[in-house]
Amino acid sequence: DLDVSANGPDLGSLANFELLQRLSGQAFAVAAKIRHSGDTYECESVEASIGQLNAFLNATISDDASAATIAFRGTAPDARPVSTLLGIGQLPEGAFSAEGSVEMRPGEFEFRDNRMQIGGHRFGADGVLSATPLRNDSDLRFSAEGPDLKQLLTAFGIQSFPAKPFTVGGEFRGTPSGFAMRDFAATIGDSNVAGVFTADFTGKPTFTGTLSSTYLDLSERLAAAAEEQEEAGDESDPDGLVFPDEPIDFGPLETADAKVEVRVDQLVLNELTINDLVLNAELIDRNLSVGPVAVRSNRGNLDGSLELRPSNGDYAMHAALEIDNVRLGLARREGQDLSLLPALSGKVDVRGSGQSPHQIMASSNGTIRLRQG
């Protein structure tokens with residue numbers, strides 16, 4: 001048996017390690033009882049403090065570190081010590097607390113009632129997560145919620161989400177062929193998304209997913225993207241091409257196949273509201289198929305499909321589009337009545353080939369029939 005204790009006024013002065021230097025100026029104290037029994041080390045009643053962060057844990061660790069069980073509890077009056085310890089931006093304001101246990105076994109981790117709270121933000125994980133493909137023993141449930149998604153993600157350098165309340169949760173399960181994400185659900189403000197995802201690794205990796213939403217508002221995200229583009233300056237094609245002449249390269253996508261189905265009852269894009277969106281997409285052996293696509297909106301209706309397939313070193317494209325009472329408005333004024341814009345209806349069916357979008361569109365041939373009014 002060994003009793004260990006240490007304390008000091010400046011943790012960063014102990015050694016010139018990056019982790020310790022982050023905590024420079026922080027007083028620290030640690031006390032623990034360590035016992036070696038058989039092939040296991042037992043760390044009992046470990047108490048540690050770094051500044052205002054207090055932690056308590058018990059742990060057992062195998063001699064070869066291949067297995068371990070750690071039960072922990074941590075508290076702090078705010079999350080600043082945690083931000084400093086992790087080397088990230090400022091986490092949301094409010095008291096910090098965390099507790100639970102983790103058991104690490106060869107090839108898998110088991111989380112037992114793990115909970116963390118930062119102010120009004122709450123996170124949880126419970127279950128087993130396997131790190132080995134083609135095993136059927138993963139069963140992990142996770143959840144997160146909070147009053148301000150932007151404030152949370154800004155700490156990790158992510159700026160693209162709005163300052164709105166959020167929830168997210170789901171169940172991650174192993175299958176004999178890979179894994180599945182079931183009962184996934186997320187909300188940001190009034191927007192919501194639900195879905196199911198699967199991955200099959202028995203041959204070529206194949207990913208499938210189904211996403212649905214009753215209401216999805218992307219207006220703030222589009223406005224932020226436009227602002228970012230404006231700040232970045234004009235990066236348009238210097239050759240003035242509407243369609244880029246860079247060769248099409250599916251690159252990493254060639255190593256896997258994918259199939260996605262999307263259904264949104266109401267999609268808001270600034271002043272455009274789509275009341276019914278259906279989109280199906282497949283990427284199989286570099287063959288891309290998007291369709292059917294169906295859009296019902298306050299600017300008219302659209303049905304279409306797109307196919308892009310390898311052909312003799314090029315890509316062959318076939319696009320079909322049918323529009324009904326679409327009111328585009330080339331110079332739309334804010335608050336303008338859409339019903340006053342001229343309606344456009346018709347069909348488009350074109351085919352082309354080439355190595356780049358520009359070459360494909362330049363070689364396109366087919367029929368375009370449009371009627372205005």
# chains A, B, ... in the order shown; residues from 1 in each chain; ligands from 1
$ select_by_dssp --residues "stretch 70-142 of chain A" --states "alpha helix (DSSP H)" --output "list in words"
Arg80, Pro81, Val82, Ser83, Thr84, Leu85 and Leu86 of chain A
$ residues_around --residues "A:Asp10" --least-positions-apart "6" --cutoff "8 Å" --atoms "only C-alpha atoms" --output "list in words"
Leu23, Ser24, Gly25, Gln26, Ala27 and Phe28 of chain A
$ write_last_selection --atoms "N, CA, C and O atoms" --output "short mmCIF file (atom, residue, chain, number, x, y, z; two decimals), in the first residue's frame"
data_model
loop_
_atom_site.label_atom_id
_atom_site.label_comp_id
_atom_site.auth_asym_id
_atom_site.auth_seq_id
_atom_site.Cartn_x
_atom_site.Cartn_y
_atom_site.Cartn_z
N LEU A 23 -1.97 25.27 -17.44
CA LEU A 23 -2.46 25.47 -16.09
C LEU A 23 -1.49 26.27 -15.25
O LEU A 23 -1.53 26.22 -14.02
N SER A 24 -0.61 26.98 -15.92
CA SER A 24 0.37 27.79 -15.21
C SER A 24 -0.33 28.79 -14.29
O SER A 24 -1.30 29.45 -14.69
N GLY A 25 0.16 28.90 -13.05
CA GLY A 25 -0.42 29.82 -12.09
C GLY A 25 -1.55 29.23 -11.26
O GLY A 25 -2.06 29.90 -10.36
N GLN A 26 -1.94 27.98 -11.57
CA GLN A 26 -3.03 27.34 -10.83
C GLN A 26 -2.47 26.52 -9.67
O GLN A 26 -1.60 25.66 -9.84
N ALA A 27 -2.97 26.79 -8.47
CA ALA A 27 -2.59 25.98 -7.32
C ALA A 27 -3.17 24.58 -7.47
O ALA A 27 -4.21 24.38 -8.11
N PHE A 28 -2.47 23.58 -6.90
CA PHE A 28 -2.94 22.21 -7.06
C PHE A 28 -2.70 21.42 -5.78
O PHE A 28 -1.86 21.76 -4.94
#
$ residues_around --residues "stretch 202-211 of chain A" --least-positions-apart "4" --cutoff "8 Å" --atoms "only C-alpha atoms" --output "count of residues only"
18
$ residues_around --residues "stretch 94-97 of chain A" --least-positions-apart "2" --cutoff "8 Å" --atoms "only C-alpha atoms" --output "number ranges by chain"
A: 73-79, 92, 99, 116-120
$ write_last_selection --atoms "C-alpha atoms" --output "PDB file, in the first residue's frame"
ATOM      1  CA  ARG A  73     -16.928  13.002 -10.017  1.00  0.00           C
ATOM      2  CA  GLY A  74     -15.861  16.581 -10.705  1.00  0.00           C
ATOM      3  CA  THR A  75     -17.171  20.032  -9.796  1.00  0.00           C
ATOM      4  CA  ALA A  76     -16.239  23.677 -10.357  1.00  0.00           C
ATOM      5  CA  PRO A  77     -18.097  26.976  -9.856  1.00  0.00           C
ATOM      6  CA  ASP A  78     -17.688  27.647 -13.597  1.00  0.00           C
ATOM      7  CA  ALA A  79     -16.251  25.898 -16.653  1.00  0.00           C
ATOM      8  CA  PRO A  92     -20.745  28.388 -21.623  1.00  0.00           C
ATOM      9  CA  GLU A  99     -19.959  12.106 -12.784  1.00  0.00           C
ATOM     10  CA  MET A 116     -22.069  16.319 -17.373  1.00  0.00           C
ATOM     11  CA  GLN A 117     -23.585  19.760 -16.870  1.00  0.00           C
ATOM     12  CA  ILE A 118     -22.274  23.228 -17.738  1.00  0.00           C
ATOM     13  CA  GLY A 119     -24.772  25.848 -16.640  1.00  0.00           C
ATOM     14  CA  GLY A 120     -27.998  24.929 -18.429  1.00  0.00           C
TER      15      GLY A 120
END
$ residues_around --residues "A:Leu306" --least-positions-apart "6" --cutoff "12 Å" --atoms "only C-alpha atoms" --output "ChimeraX atom specification"
/A:279-283,287-293,316-321,348-352
$ closest_residue --among "A:Thr132, A:Gln52, A:Asn270, A:Thr167" --to "A:Pro147" --atoms "only C-alpha atoms"
A:Thr167
$ atom_distance --atom1 "atom CA of A:Ala131" --atom2 "atom CA of A:Phe109"
7.8 Å
$ closest_residue --among "A:Gly124, A:Gly87, A:Leu267, A:Ala68" --to "A:Pro106" --atoms "only C-alpha atoms"
A:Ala68
$ select_by_dssp --residues "stretch 99-335 of chain A" --states "strand (DSSP E)" --output "PyMOL selection string"
chain A and resi 99-105+108-118+121-130+139-146+166-175+178-188+191-200+206-213+216-217+257-264+267-269+272-284+287-297+300-311+314-326
$ closest_residue --among "A:Ala6, A:Arg80, A:Gly146, A:Gly174" --to "A:Ala48" --atoms "only C-alpha atoms"
A:Ala6
$ closest_residue --among "A:Cys43, A:Ala55, A:Leu218, A:Leu11" --to "A:Leu269" --atoms "only C-alpha atoms"
A:Leu218
$ closest_residue --among "A:Lys347, A:Arg105, A:Arg22, A:Arg309" --to "A:Val326" --atoms "only C-alpha atoms"
A:Lys347
$ residues_around --residues "A:His36" --least-positions-apart "4" --cutoff "12 Å" --atoms "only C-alpha atoms" --output "list of chain:residue names"
A:Asp1, A:Leu2, A:Thr40, A:Tyr41, A:Glu42, A:Cys43, A:Glu44, A:Ala59, A:Thr60, A:Ile61, A:Ser62, A:Asp63
$ write_last_selection --atoms "C-alpha atoms" --output "compact mmCIF listing (two decimals), in the first residue's frame"
# COMPACT_ATOMS: atom_id res chain seq x y z
CA ASP A 1 0.00 0.00 0.00
CA LEU A 2 1.20 3.49 -0.81
CA THR A 40 -4.05 -4.87 -11.04
CA TYR A 41 -3.31 -1.46 -9.61
CA GLU A 42 -6.04 0.03 -7.43
CA CYS A 43 -6.24 3.78 -6.91
CA GLU A 44 -8.64 4.52 -4.08
CA ALA A 59 -9.78 3.40 -10.48
CA THR A 60 -8.48 -0.08 -11.19
CA ILE A 61 -5.92 -0.51 -13.97
CA SER A 62 -4.37 -3.73 -15.24
CA ASP A 63 -0.58 -4.04 -15.30
